[in-house]
>>> print(open('work_7.txt').read())   # compact mmCIF, C-alpha atoms
# COMPACT_ATOMS: atom_id res chain seq x y z
CA MET A 25 -22.03 27.59 -35.36
CA ARG A 26 -18.67 26.24 -36.56
CA ALA A 27 -16.85 28.43 -39.07
CA ILE A 28 -13.38 28.96 -40.54
CA ALA A 29 -12.42 32.56 -39.93
CA ILE A 30 -9.72 35.12 -39.14
CA ARG A 31 -9.74 38.01 -36.69
CA LYS A 32 -7.71 40.37 -38.91
CA PHE A 33 -6.19 40.41 -42.39
CA GLY A 34 -3.19 38.14 -42.64
CA ASP A 35 -4.13 35.88 -39.73
CA THR A 36 -3.95 32.10 -40.05
CA PRO A 37 -7.49 30.75 -40.59
CA GLU A 38 -8.88 28.78 -37.67
CA LEU A 39 -12.03 26.91 -36.66
CA MET A 40 -14.20 29.18 -34.50
CA ASP A 41 -17.56 28.96 -32.77
CA LEU A 42 -19.55 31.99 -33.99
CA PRO A 43 -23.17 33.11 -33.69
CA LYS A 44 -25.67 31.68 -36.16
CA PRO A 45 -26.80 34.49 -38.51
CA THR A 46 -30.39 35.66 -38.91
CA PRO A 47 -31.90 36.63 -42.28
CA GLY A 48 -33.09 40.20 -42.75
CA GLU A 49 -35.30 41.83 -45.35
CA GLY A 50 -34.99 39.99 -48.66
CA GLU A 51 -32.45 37.50 -47.28
CA VAL A 52 -32.33 33.72 -46.91
CA LEU A 53 -30.61 31.58 -44.28
CA VAL A 54 -29.04 28.47 -45.80
CA HIS A 55 -27.91 25.45 -43.80
CA LEU A 56 -24.80 24.51 -45.76
CA GLY A 57 -23.77 20.99 -46.63
CA ALA A 58 -20.62 21.95 -48.51
CA ALA A 59 -18.51 24.94 -49.54
CA GLY A 60 -16.30 25.35 -52.60
CA VAL A 61 -12.64 26.29 -52.19
CA ASN A 62 -11.48 29.02 -54.61
CA PRO A 63 -8.38 31.26 -54.79
CA PHE A 64 -10.77 34.21 -54.51
CA ASP A 65 -11.49 33.11 -50.91
CA TRP A 66 -7.97 33.64 -49.59
CA LYS A 67 -7.44 36.73 -51.74
CA LEU A 68 -10.41 38.32 -49.97
CA ALA A 69 -8.94 37.29 -46.61
CA ASP A 70 -5.66 38.93 -47.62
CA GLY A 71 -7.50 42.23 -48.09
CA LEU A 72 -8.21 42.20 -51.83
CA LEU A 73 -11.22 44.48 -51.39
CA ASP A 74 -10.06 46.37 -48.31
CA GLY A 75 -11.12 50.01 -48.76
CA LYS A 76 -13.46 49.06 -51.61
CA MET A 77 -16.18 47.25 -49.66
CA PRO A 78 -17.07 47.08 -45.95
CA HIS A 79 -15.72 44.08 -44.04
CA VAL A 80 -16.65 42.34 -40.79
CA PHE A 81 -14.49 40.41 -38.33
CA PRO A 82 -14.25 37.65 -37.42
CA PHE A 83 -14.02 37.24 -41.19
CA ILE A 84 -15.56 33.97 -42.42
CA TYR A 85 -13.99 32.57 -45.58
CA GLY A 86 -15.81 31.40 -48.70
CA VAL A 87 -18.23 32.52 -51.41
CA ASP A 88 -19.51 29.29 -53.01
CA GLY A 89 -21.79 26.86 -51.24
CA ALA A 90 -24.71 24.45 -51.37
CA GLY A 91 -27.34 23.37 -48.88
CA ALA A 92 -30.98 23.88 -47.94
CA VAL A 93 -32.92 27.04 -47.15
CA GLU A 94 -33.75 26.97 -43.44
CA GLU A 95 -35.36 30.38 -43.00
CA VAL A 96 -36.42 33.31 -45.16
CA GLY A 97 -36.63 36.97 -44.25
CA PRO A 98 -39.49 39.35 -45.02
CA GLY A 99 -40.04 40.03 -48.71
CA VAL A 100 -38.42 36.85 -50.04
CA LYS A 101 -40.42 35.56 -53.01
CA ARG A 102 -38.26 33.34 -55.21
CA LEU A 103 -36.91 30.85 -52.65
CA ALA A 104 -38.70 28.90 -49.94
CA VAL A 105 -37.85 26.95 -46.79
CA LYS A 106 -36.47 23.45 -47.60
CA ASP A 107 -35.40 24.40 -51.12
CA GLY A 108 -32.12 22.74 -52.07
CA VAL A 109 -29.92 25.53 -53.41
CA PHE A 110 -26.40 26.30 -54.60
CA GLY A 111 -24.63 29.41 -55.73
CA GLN A 112 -22.41 32.32 -54.85
CA PHE A 113 -23.16 33.96 -51.50
CA PHE A 114 -20.71 36.85 -51.77
CA HIS A 115 -22.13 40.23 -50.71
CA ALA A 116 -21.39 43.22 -48.51
CA PRO A 117 -20.14 43.21 -45.85
CA VAL A 118 -17.29 40.95 -46.92
CA GLY A 119 -16.53 38.22 -44.39
CA THR A 120 -19.94 36.57 -44.01
CA GLY A 121 -18.85 33.55 -46.01
CA THR A 122 -19.62 29.90 -46.69
CA TYR A 123 -16.90 28.10 -44.71
CA ALA A 124 -19.52 27.70 -42.00
CA GLU A 125 -22.57 25.70 -41.00
CA TYR A 126 -24.89 28.56 -41.96
CA VAL A 127 -24.78 31.54 -44.30
CA VAL A 128 -27.14 34.45 -44.94
CA ALA A 129 -27.35 36.20 -48.31
CA PRO A 130 -29.80 38.33 -50.29
CA GLU A 131 -32.22 36.31 -52.41
CA SER A 132 -31.05 38.50 -55.31
CA ASN A 133 -27.62 36.84 -55.21
CA ALA A 134 -26.67 34.20 -57.78
CA ILE A 135 -28.44 31.44 -55.84
CA ALA A 136 -30.28 28.77 -57.83
CA LEU A 137 -32.26 25.62 -57.16
CA ARG A 138 -30.01 22.57 -57.11
CA PRO A 139 -30.88 20.22 -59.98
CA ARG A 140 -32.04 16.67 -59.37
CA GLY A 141 -29.11 14.28 -59.00
CA MET A 142 -26.59 16.93 -57.99
CA TYR A 143 -25.37 16.48 -54.42
CA ASN A 144 -24.22 19.29 -52.13
CA ASP A 145 -20.52 18.56 -52.57
CA GLN A 146 -20.85 18.62 -56.37
CA ALA A 147 -23.01 21.75 -56.31
CA ALA A 148 -20.60 23.64 -54.05
CA ALA A 149 -17.77 22.99 -56.51
CA LEU A 150 -19.59 24.54 -59.45
CA PRO A 151 -20.62 28.22 -59.00
CA MET A 152 -17.59 30.50 -59.37
CA PRO A 153 -15.42 28.35 -61.67
CA GLY A 154 -18.37 27.10 -63.72
CA MET A 155 -19.84 30.57 -64.24
CA THR A 156 -16.39 31.98 -65.07
CA ALA A 157 -15.83 29.27 -67.68
CA LEU A 158 -19.26 29.80 -69.23
CA ASP A 159 -18.82 33.59 -69.29
CA ALA A 160 -15.39 33.28 -70.90
CA LEU A 161 -16.72 31.06 -73.67
CA ASP A 162 -19.69 33.35 -74.27
CA ARG A 163 -17.37 36.32 -74.67
CA LEU A 164 -14.85 34.50 -76.88
CA GLY A 165 -17.70 33.55 -79.22
CA LEU A 166 -15.90 30.67 -80.90
CA GLU A 167 -17.64 28.49 -83.47
CA LYS A 168 -17.45 24.73 -84.01
CA ARG A 169 -14.02 23.43 -85.00
CA GLN A 170 -12.28 26.66 -84.05
CA SER A 171 -9.34 26.15 -81.71
CA LEU A 172 -9.03 27.31 -78.09
CA LEU A 173 -5.78 26.99 -76.13
CA ILE A 174 -6.41 26.95 -72.36
CA LEU A 175 -3.41 27.76 -70.14
CA GLY A 176 -3.92 26.42 -66.62
CA ALA A 177 -6.48 23.88 -67.80
CA GLY A 178 -6.03 21.56 -64.83
CA GLY A 179 -7.60 23.86 -62.23
CA GLY A 180 -11.23 24.53 -61.41
CA VAL A 181 -12.04 27.07 -64.13
CA GLY A 182 -9.91 25.21 -66.66
CA SER A 183 -11.53 21.84 -66.07
CA PHE A 184 -15.00 23.31 -66.60
CA THR A 185 -13.88 25.29 -69.66
CA VAL A 186 -12.48 22.14 -71.29
CA GLN A 187 -15.85 20.42 -70.97
CA LEU A 188 -18.06 23.35 -71.94
CA ALA A 189 -15.91 24.16 -74.96
CA SER A 190 -15.86 20.54 -76.09
CA ASN A 191 -19.66 20.43 -75.74
CA ARG A 192 -19.82 23.31 -78.25
CA GLY A 193 -17.69 21.45 -80.77
CA ILE A 194 -14.66 23.70 -80.19
CA THR A 195 -11.25 22.11 -80.68
CA THR A 196 -10.05 22.26 -77.09
CA LEU A 197 -6.30 22.41 -76.49
CA ALA A 198 -5.54 21.89 -72.80
CA ALA A 199 -2.19 23.11 -71.44
CA SER A 200 -1.24 22.02 -67.94
CA ARG A 201 1.38 20.05 -66.04
CA GLY A 202 2.14 16.58 -67.38
CA PRO A 203 0.38 14.59 -64.63
CA ASN A 204 -2.95 16.13 -65.70
CA ARG A 205 -2.88 14.61 -69.20
CA ASP A 206 -5.30 11.71 -68.61
CA PHE A 207 -7.54 13.83 -66.38
CA LEU A 208 -8.03 16.47 -69.09
CA HIS A 209 -8.45 13.99 -71.92
CA LYS A 210 -11.26 12.35 -69.94
CA LEU A 211 -12.94 15.76 -69.64
CA GLY A 212 -12.96 16.09 -73.41
CA ALA A 213 -9.73 17.87 -74.35
CA SER A 214 -8.96 17.43 -78.06
CA ARG A 215 -5.25 17.66 -77.35
CA PHE A 216 -3.02 18.00 -74.30
CA TYR A 217 0.19 20.03 -74.03
CA ASP A 218 2.61 19.82 -71.11
CA SER A 219 3.05 23.50 -70.23
CA SER A 220 6.06 22.69 -68.03
CA ALA A 221 8.03 21.25 -70.99
CA ARG A 222 10.73 23.41 -72.60
CA SER A 223 9.29 22.44 -75.99
CA PHE A 224 5.77 23.66 -75.14
CA LEU A 225 5.64 26.60 -77.57
CA ASP A 226 7.17 24.55 -80.37
CA ASP A 227 4.75 21.69 -79.68
CA VAL A 228 1.79 24.02 -80.16
CA ARG A 229 3.29 25.57 -83.30
CA VAL A 230 3.72 22.16 -84.92
CA GLY A 231 -0.03 21.59 -84.85
CA TYR A 232 -1.00 25.25 -85.41
CA PRO A 233 1.74 26.92 -87.46
CA ASN A 234 -0.54 29.89 -88.23
CA GLY A 235 -1.67 30.18 -84.60
CA VAL A 236 -4.72 29.08 -82.64
CA ASP A 237 -8.00 30.97 -82.96
CA ALA A 238 -8.13 31.95 -79.30
CA MET A 239 -6.32 31.58 -76.00
CA LEU A 240 -7.70 31.64 -72.47
CA ASP A 241 -4.94 32.28 -69.93
CA LEU A 242 -6.01 31.48 -66.38
CA VAL A 243 -2.59 31.96 -64.83
CA HIS A 244 -0.13 34.48 -66.24
CA ARG A 245 0.52 38.22 -65.98
CA GLY A 246 3.17 40.57 -67.35
CA PRO A 247 6.08 39.15 -69.36
CA GLU A 248 4.87 35.56 -68.83
CA PHE A 249 1.50 36.46 -70.36
CA GLU A 250 3.18 38.19 -73.31
CA HIS A 251 5.41 35.15 -73.85
CA TYR A 252 2.47 33.07 -75.07
CA LEU A 253 0.80 35.66 -77.33
CA PRO A 254 2.65 34.56 -80.52
CA LEU A 255 0.70 31.28 -80.31
CA VAL A 256 -2.49 33.12 -81.36
CA ARG A 257 -3.19 33.91 -85.02
CA ALA A 258 -3.59 37.47 -86.25
CA GLY A 259 -7.18 38.53 -85.65
CA GLY A 260 -7.61 35.97 -82.88
CA ALA A 261 -8.79 36.57 -79.32
CA VAL A 262 -6.97 36.38 -76.00
CA ALA A 263 -8.86 36.23 -72.70
CA SER A 264 -7.49 36.51 -69.17
CA THR A 265 -9.08 35.89 -65.79
CA VAL A 266 -6.37 37.90 -63.99
CA GLY A 267 -6.67 41.20 -65.86
CA ALA A 268 -3.67 40.73 -68.15
CA ALA A 269 -5.45 41.13 -71.52
CA THR A 270 -5.28 44.88 -72.04
CA GLU A 271 -6.14 46.56 -75.33
CA GLU A 272 -2.92 48.59 -75.11
CA LEU A 273 -0.93 45.36 -75.23
CA LEU A 274 -3.00 43.27 -77.64
CA THR A 275 -4.50 45.66 -80.20
CA PRO A 276 -1.12 46.55 -81.77
CA LYS A 277 -0.53 42.81 -82.19
CA GLY A 278 -3.82 42.39 -84.06
CA LEU A 279 -5.46 40.49 -81.19
CA ARG A 280 -8.82 41.00 -79.50
CA ALA A 281 -8.45 41.59 -75.74
CA ILE A 282 -10.94 40.13 -73.24
CA ASN A 283 -10.62 40.41 -69.47
CA ILE A 284 -13.09 38.15 -67.70
CA ASN A 285 -14.78 40.02 -64.85
CA LEU A 286 -17.53 37.64 -63.79
CA GLN A 287 -21.00 39.01 -63.10
CA PRO A 288 -22.63 36.09 -61.25
CA SER A 289 -26.27 35.33 -62.09
CA THR A 290 -28.92 32.69 -61.62
CA GLU A 291 -29.17 32.54 -65.42
CA LEU A 292 -25.58 31.28 -65.66
CA LEU A 293 -26.21 28.78 -62.85
CA ASP A 294 -29.36 27.50 -64.55
CA ARG A 295 -27.44 26.98 -67.80
CA LEU A 296 -24.80 25.00 -65.93
CA SER A 297 -27.54 22.93 -64.30
CA LYS A 298 -28.94 22.06 -67.73
CA GLU A 299 -25.49 20.93 -68.89
CA PHE A 300 -25.22 18.72 -65.80
CA SER A 301 -28.73 17.29 -66.11
CA SER A 302 -28.11 16.42 -69.76
CA GLY A 303 -25.08 14.37 -68.73
CA LYS A 304 -22.66 16.63 -70.61
CA LEU A 305 -21.01 18.25 -67.58
CA ARG A 306 -18.95 16.32 -65.06
CA ILE A 307 -18.12 17.98 -61.75
CA PRO A 308 -14.33 17.44 -61.48
CA LEU A 309 -14.42 16.99 -57.71
CA GLU A 310 -10.94 15.84 -56.76
CA GLU A 311 -10.92 16.26 -52.99
CA LYS A 312 -13.45 16.50 -50.15
CA VAL A 313 -12.11 17.94 -46.91
CA PRO A 314 -13.91 18.29 -43.55
CA LEU A 315 -14.49 21.86 -42.39
CA ALA A 316 -11.74 21.60 -39.77
CA GLY A 317 -9.28 20.80 -42.58
CA ALA A 318 -9.93 24.11 -44.35
CA PRO A 319 -6.58 25.72 -43.37
CA GLU A 320 -4.70 22.95 -45.18
CA ALA A 321 -7.01 23.23 -48.21
CA ILE A 322 -6.42 27.01 -48.32
CA ALA A 323 -2.64 26.49 -48.17
CA LYS A 324 -2.85 24.04 -51.06
CA SER A 325 -4.91 26.50 -53.09
CA ARG A 326 -2.31 29.22 -52.44
CA ALA A 327 0.43 26.91 -53.69
CA GLY A 328 -1.51 26.24 -56.90
CA THR A 329 -0.87 22.52 -56.67
CA GLY A 330 -4.49 21.34 -56.77
CA ARG A 331 -6.29 19.67 -59.68
CA GLY A 332 -9.99 19.99 -60.42
CA LYS A 333 -12.04 21.16 -57.45
CA THR A 334 -11.77 20.87 -53.67
CA VAL A 335 -14.80 21.27 -51.42
CA LEU A 336 -15.31 21.43 -47.68
CA THR A 337 -17.94 19.07 -46.30
CA ILE A 338 -19.90 20.63 -43.45
>>> encode(input="work_7.txt", output="structure tokens")
Amino acid sequence: MRAIAIRKFGDTPELMDLPKPTPGEGEVLVHLGAAGVNPFDWKLADGLLDGKMPHVFPFIYGVDGAGAVEEVGPGVKRLAVKDGVFGQFFHAPVGTGTYAEYVVAPESNAIALRPRGMYNDQAAALPMPGMTALDALDRLGLEKRQSLLILGAGGGVGSFTVQLASNRGITTLAASRGPNRDFLHKLGASRFYDSSARSFLDDVRVGYPNGVDAMLDLVHRGPEFEHYLPLVRAGGAVASTVGAATEELLTPKGLRAININLQPSTELLDRLSKEFSSGKLRIPLEEKVPLAGAPEAIAKSRAGTGRGKTVLTI
């Protein structure tokens, strides 16, 4: 089968011809139609979990995907051959990913039935960023008309968070680079702030002199993360997807600290499917790239210059 893989950590990803996998006990073989491109993919290939989980080489990139079940192993009960599915296929050993024509994963993974009307390329764009956005909102626990400032709103997680928050009646303040203004307004942002402008902090303070109710930072660590904390009111919440929201830092400032460490589940996927089926969730699919073009898509993801979601068509 065709797959995008590396032979050792740090290698340049390349298109390889690798053996088609076979499902074992409790596993399903999925013939993929598309794979989602996420920063987590290249972080794994850089050795993010080296020494923490077993790896295999050649190492196939990717965790998100969508397609049809082609074969099931012994003991599989929930999924059946020909089921259209989507989800997160990440499991041990690391390196048996979705940038390929086929993937094998345990049925117990966060793999759900694809809802009617959702195509493979849309479905592949949804799992990791959509579940992360939903989990973040659940943990923030904001009520209608409360304000949420999203830093890095133009990316995958941000573009889903804008929509899901708006659907809950939350006042959604999207901060991103200027060119993303119209894109984020169309997704439901109540207000847009150009985070690259020197006046960014003052612009937010004009509308929220006492601070916003919560902030979700999808980008910053260290001093950069601390720089934006004064924008949140006393007693408010700050969430980070990169581990920056520590209690040691935020508690003395009167802020609630939330680090988002996603636990993927079919329950989260099913909730996202309901949002999509109701017409309230748009899949912000900005670019579709053929499998052979994956190295360029990975490079773009590393540079952080993308908007919305990119998927590989297989």
>>> residues_around(input="work_7.txt", residues="Pro139 of chain A", least_positions_apart="4", cutoff="9 Å", atoms="all atoms listed in the file", output="PyMOL selection string")
chain A and resi 108-109+143+147+294+297-298+300-301
>>> write_last_selection(input="work_7.txt", atoms="C-alpha atoms", output="mmCIF file, in the frame of the given file")
data_model
loop_
_atom_site.group_PDB
_atom_site.id
_atom_site.type_symbol
_atom_site.label_atom_id
_atom_site.label_comp_id
_atom_site.auth_asym_id
_atom_site.auth_seq_id
_atom_site.Cartn_x
_atom_site.Cartn_y
_atom_site.Cartn_z
ATOM 1 C CA GLY A 108 -32.120 22.740 -52.070
ATOM 2 C CA VAL A 109 -29.920 25.530 -53.410
ATOM 3 C CA TYR A 143 -25.370 16.480 -54.420
ATOM 4 C CA ALA A 147 -23.010 21.750 -56.310
ATOM 5 C CA ASP A 294 -29.360 27.500 -64.550
ATOM 6 C CA SER A 297 -27.540 22.930 -64.300
ATOM 7 C CA LYS A 298 -28.940 22.060 -67.730
ATOM 8 C CA PHE A 300 -25.220 18.720 -65.800
ATOM 9 C CA SER A 301 -28.730 17.290 -66.110
#
>>> axis_aligned_box(input="work_7.txt", around="segment 214-219 of chain A", padding_each_side="6 Å", output="AutoDock Vina command-line options")
--center_x -3.0 --center_y 20.5 --center_z -74.1 --size_x 24.0 --size_y 18.1 --size_z 19.8
>>> closest_residue(input="work_7.txt", among="A:Val313, A:Arg257, A:His55, A:Leu72", to="Gly119 of chain A", atoms="all atoms listed in the file")
A:Leu72
>>> residues_around(input="work_7.txt", residues="segment 195-202 of chain A", least_positions_apart="2", cutoff="7 Å", atoms="all atoms listed in the file", output="count of residues only")
24
>>> closest_residue(input="work_7.txt", among="A:Leu53, A:Ala327, A:Ile84, A:Met77", to="Ile30 of chain A", atoms="all atoms listed in the file")
A:Ile84
>>> closest_residue(input="work_7.txt", among="A:Met152, A:Lys101, A:Ile338, A:Ala318", to="Thr36 of chain A", atoms="only C-alpha atoms")
A:Ala318
>>> closest_residue(input="work_7.txt", among="A:Glu310, A:Glu271, A:Asp237, A:Asp226", to="Gly60 of chain A", atoms="only C-alpha atoms")
A:Glu310
>>> atom_distance(input="work_7.txt", atom1="atom CA of Asn133 of chain A", atom2="atom CA of Asp65 of chain A")
17.1 Å
>>> atom_distance(input="work_7.txt", atom1="atom CA of Asp74 of chain A", atom2="atom CA of Tyr126 of chain A")
24.0 Å
>>> closest_residue(input="work_7.txt", among="A:Ala148, A:Gly165, A:Pro319, A:Leu336", to="Pro37 of chain A", atoms="only C-alpha atoms")
A:Pro319
>>> closest_residue(input="work_7.txt", among="A:Arg326, A:Asp41, A:Met239, A:Ile307", to="Gly141 of chain A", atoms="all atoms listed in the file")
A:Ile307
>>> atom_distance(input="work_7.txt", atom1="atom CA of Thr185 of chain A", atom2="atom CA of Ala124 of chain A")
28.3 Å
>>> residues_around(input="work_7.txt", residues="Phe81 of chain A", least_positions_apart="6", cutoff="12 Å", atoms="only C-alpha atoms", output="list in words")
Ile28, Ala29, Ile30, Arg31, Lys32, Phe33, Asp35, Met40, Leu42, Ala69, Pro117, Val118, Gly119, Thr120 and Gly121 of chain A
>>> residues_around(input="work_7.txt", residues="Asn285 of chain A", least_positions_apart="3", cutoff="9 Å", atoms="only C-alpha atoms", output="VMD selection string")
chain A and resid 156 159 265 to 267
>>> residues_near_point(input="work_7.txt", point="(-6.7, 34.2, -78.2)", cutoff="6 Å", atoms="only C-alpha atoms", output="mmCIF file with C-alpha atoms, in the coordinates of the input")
data_model
loop_
_atom_site.group_PDB
_atom_site.id
_atom_site.type_symbol
_atom_site.label_atom_id
_atom_site.label_comp_id
_atom_site.auth_asym_id
_atom_site.auth_seq_id
_atom_site.Cartn_x
_atom_site.Cartn_y
_atom_site.Cartn_z
ATOM 1 C CA ASP A 237 -8.000 30.970 -82.960
ATOM 2 C CA ALA A 238 -8.130 31.950 -79.300
ATOM 3 C CA MET A 239 -6.320 31.580 -76.000
ATOM 4 C CA VAL A 256 -2.490 33.120 -81.360
ATOM 5 C CA GLY A 260 -7.610 35.970 -82.880
ATOM 6 C CA ALA A 261 -8.790 36.570 -79.320
ATOM 7 C CA VAL A 262 -6.970 36.380 -76.000
#
>>> residues_around(input="work_7.txt", residues="Phe110 of chain A", least_positions_apart="4", cutoff="12 Å", atoms="all atoms listed in the file", output="PyMOL selection string")
chain A and resi 54-60+87-93+103+122+127+129+131+133-139+142-152+289-290+293-294+296-297
>>> write_last_selection(input="work_7.txt", atoms="C-alpha atoms", output="mmCIF file, in the frame of the given file")
data_model
loop_
_atom_site.group_PDB
_atom_site.id
_atom_site.type_symbol
_atom_site.label_atom_id
_atom_site.label_comp_id
_atom_site.auth_asym_id
_atom_site.auth_seq_id
_atom_site.Cartn_x
_atom_site.Cartn_y
_atom_site.Cartn_z
ATOM 1 C CA VAL A 54 -29.040 28.470 -45.800
ATOM 2 C CA HIS A 55 -27.910 25.450 -43.800
ATOM 3 C CA LEU A 56 -24.800 24.510 -45.760
ATOM 4 C CA GLY A 57 -23.770 20.990 -46.630
ATOM 5 C CA ALA A 58 -20.620 21.950 -48.510
ATOM 6 C CA ALA A 59 -18.510 24.940 -49.540
ATOM 7 C CA GLY A 60 -16.300 25.350 -52.600
ATOM 8 C CA VAL A 87 -18.230 32.520 -51.410
ATOM 9 C CA ASP A 88 -19.510 29.290 -53.010
ATOM 10 C CA GLY A 89 -21.790 26.860 -51.240
ATOM 11 C CA ALA A 90 -24.710 24.450 -51.370
ATOM 12 C CA GLY A 91 -27.340 23.370 -48.880
ATOM 13 C CA ALA A 92 -30.980 23.880 -47.940
ATOM 14 C CA VAL A 93 -32.920 27.040 -47.150
ATOM 15 C CA LEU A 103 -36.910 30.850 -52.650
ATOM 16 C CA THR A 122 -19.620 29.900 -46.690
ATOM 17 C CA VAL A 127 -24.780 31.540 -44.300
ATOM 18 C CA ALA A 129 -27.350 36.200 -48.310
ATOM 19 C CA GLU A 131 -32.220 36.310 -52.410
ATOM 20 C CA ASN A 133 -27.620 36.840 -55.210
ATOM 21 C CA ALA A 134 -26.670 34.200 -57.780
ATOM 22 C CA ILE A 135 -28.440 31.440 -55.840
ATOM 23 C CA ALA A 136 -30.280 28.770 -57.830
ATOM 24 C CA LEU A 137 -32.260 25.620 -57.160
ATOM 25 C CA ARG A 138 -30.010 22.570 -57.110
ATOM 26 C CA PRO A 139 -30.880 20.220 -59.980
ATOM 27 C CA MET A 142 -26.590 16.930 -57.990
ATOM 28 C CA TYR A 143 -25.370 16.480 -54.420
ATOM 29 C CA ASN A 144 -24.220 19.290 -52.130
ATOM 30 C CA ASP A 145 -20.520 18.560 -52.570
ATOM 31 C CA GLN A 146 -20.850 18.620 -56.370
ATOM 32 C CA ALA A 147 -23.010 21.750 -56.310
ATOM 33 C CA ALA A 148 -20.600 23.640 -54.050
ATOM 34 C CA ALA A 149 -17.770 22.990 -56.510
ATOM 35 C CA LEU A 150 -19.590 24.540 -59.450
ATOM 36 C CA PRO A 151 -20.620 28.220 -59.000
ATOM 37 C CA MET A 152 -17.590 30.500 -59.370
ATOM 38 C CA SER A 289 -26.270 35.330 -62.090
ATOM 39 C CA THR A 290 -28.920 32.690 -61.620
ATOM 40 C CA LEU A 293 -26.210 28.780 -62.850
ATOM 41 C CA ASP A 294 -29.360 27.500 -64.550
ATOM 42 C CA LEU A 296 -24.800 25.000 -65.930
ATOM 43 C CA SER A 297 -27.540 22.930 -64.300
#
>>> decode(input="work_7.txt", residues="segment 262-280 of chain A", atoms="N, CA and C atoms", output="PDB file, in the first residue's frame")
ATOM      1  N   VAL A 262      -8.562  30.253  32.460  1.00  0.00           N
ATOM      2  CA  VAL A 262      -7.619  30.257  31.342  1.00  0.00           C
ATOM      3  C   VAL A 262      -7.286  28.813  30.996  1.00  0.00           C
ATOM      4  N   ALA A 263      -7.486  28.456  29.729  1.00  0.00           N
ATOM      5  CA  ALA A 263      -7.203  27.097  29.270  1.00  0.00           C
ATOM      6  C   ALA A 263      -6.100  27.126  28.214  1.00  0.00           C
ATOM      7  N   SER A 264      -5.288  26.086  28.213  1.00  0.00           N
ATOM      8  CA  SER A 264      -4.186  25.961  27.254  1.00  0.00           C
ATOM      9  C   SER A 264      -4.187  24.559  26.671  1.00  0.00           C
ATOM     10  N   THR A 265      -3.891  24.475  25.380  1.00  0.00           N
ATOM     11  CA  THR A 265      -3.740  23.160  24.752  1.00  0.00           C
ATOM     12  C   THR A 265      -2.278  22.750  24.663  1.00  0.00           C
ATOM     13  N   VAL A 266      -1.363  23.589  25.175  1.00  0.00           N
ATOM     14  CA  VAL A 266       0.067  23.272  25.102  1.00  0.00           C
ATOM     15  C   VAL A 266       0.699  23.196  26.487  1.00  0.00           C
ATOM     16  N   GLY A 267      -0.137  23.007  27.514  1.00  0.00           N
ATOM     17  CA  GLY A 267       0.372  22.769  28.859  1.00  0.00           C
ATOM     18  C   GLY A 267       0.856  23.988  29.605  1.00  0.00           C
ATOM     19  N   ALA A 268       0.471  25.188  29.162  1.00  0.00           N
ATOM     20  CA  ALA A 268       0.992  26.409  29.778  1.00  0.00           C
ATOM     21  C   ALA A 268       0.201  26.875  30.995  1.00  0.00           C
ATOM     22  N   ALA A 269      -1.015  26.370  31.183  1.00  0.00           N
ATOM     23  CA  ALA A 269      -1.902  26.876  32.245  1.00  0.00           C
ATOM     24  C   ALA A 269      -1.676  26.114  33.549  1.00  0.00           C
ATOM     25  N   THR A 270      -0.618  26.454  34.251  1.00  0.00           N
ATOM     26  CA  THR A 270      -0.312  25.775  35.506  1.00  0.00           C
ATOM     27  C   THR A 270      -0.972  26.498  36.680  1.00  0.00           C
ATOM     28  N   GLU A 271      -1.335  25.740  37.703  1.00  0.00           N
ATOM     29  CA  GLU A 271      -1.931  26.338  38.896  1.00  0.00           C
ATOM     30  C   GLU A 271      -0.928  27.251  39.600  1.00  0.00           C
ATOM     31  N   GLU A 272       0.351  26.892  39.568  1.00  0.00           N
ATOM     32  CA  GLU A 272       1.382  27.704  40.215  1.00  0.00           C
ATOM     33  C   GLU A 272       1.415  29.112  39.626  1.00  0.00           C
ATOM     34  N   LEU A 273       1.171  29.213  38.335  1.00  0.00           N
ATOM     35  CA  LEU A 273       1.190  30.510  37.668  1.00  0.00           C
ATOM     36  C   LEU A 273      -0.131  31.263  37.837  1.00  0.00           C
ATOM     37  N   LEU A 274      -1.250  30.556  37.702  1.00  0.00           N
ATOM     38  CA  LEU A 274      -2.541  31.231  37.599  1.00  0.00           C
ATOM     39  C   LEU A 274      -3.269  31.441  38.923  1.00  0.00           C
ATOM     40  N   THR A 275      -3.140  30.507  39.855  1.00  0.00           N
ATOM     41  CA  THR A 275      -3.870  30.636  41.123  1.00  0.00           C
ATOM     42  C   THR A 275      -3.541  31.933  41.864  1.00  0.00           C
ATOM     43  N   PRO A 276      -2.259  32.330  41.973  1.00  0.00           N
ATOM     44  CA  PRO A 276      -1.956  33.597  42.645  1.00  0.00           C
ATOM     45  C   PRO A 276      -2.576  34.813  41.960  1.00  0.00           C
ATOM     46  N   LYS A 277      -2.913  34.673  40.678  1.00  0.00           N
ATOM     47  CA  LYS A 277      -3.524  35.769  39.935  1.00  0.00           C
ATOM     48  C   LYS A 277      -5.053  35.722  40.011  1.00  0.00           C
ATOM     49  N   GLY A 278      -5.587  34.767  40.767  1.00  0.00           N
ATOM     50  CA  GLY A 278      -7.030  34.642  40.897  1.00  0.00           C
ATOM     51  C   GLY A 278      -7.700  34.043  39.692  1.00  0.00           C
ATOM     52  N   LEU A 279      -6.978  33.212  38.930  1.00  0.00           N
ATOM     53  CA  LEU A 279      -7.493  32.613  37.706  1.00  0.00           C
ATOM     54  C   LEU A 279      -7.535  31.092  37.832  1.00  0.00           C
ATOM     55  N   ARG A 280      -8.543  30.499  37.211  1.00  0.00           N
ATOM     56  CA  ARG A 280      -8.665  29.042  37.208  1.00  0.00           C
ATOM     57  C   ARG A 280      -7.852  28.480  36.051  1.00  0.00           C
TER      58      ARG A 280
END
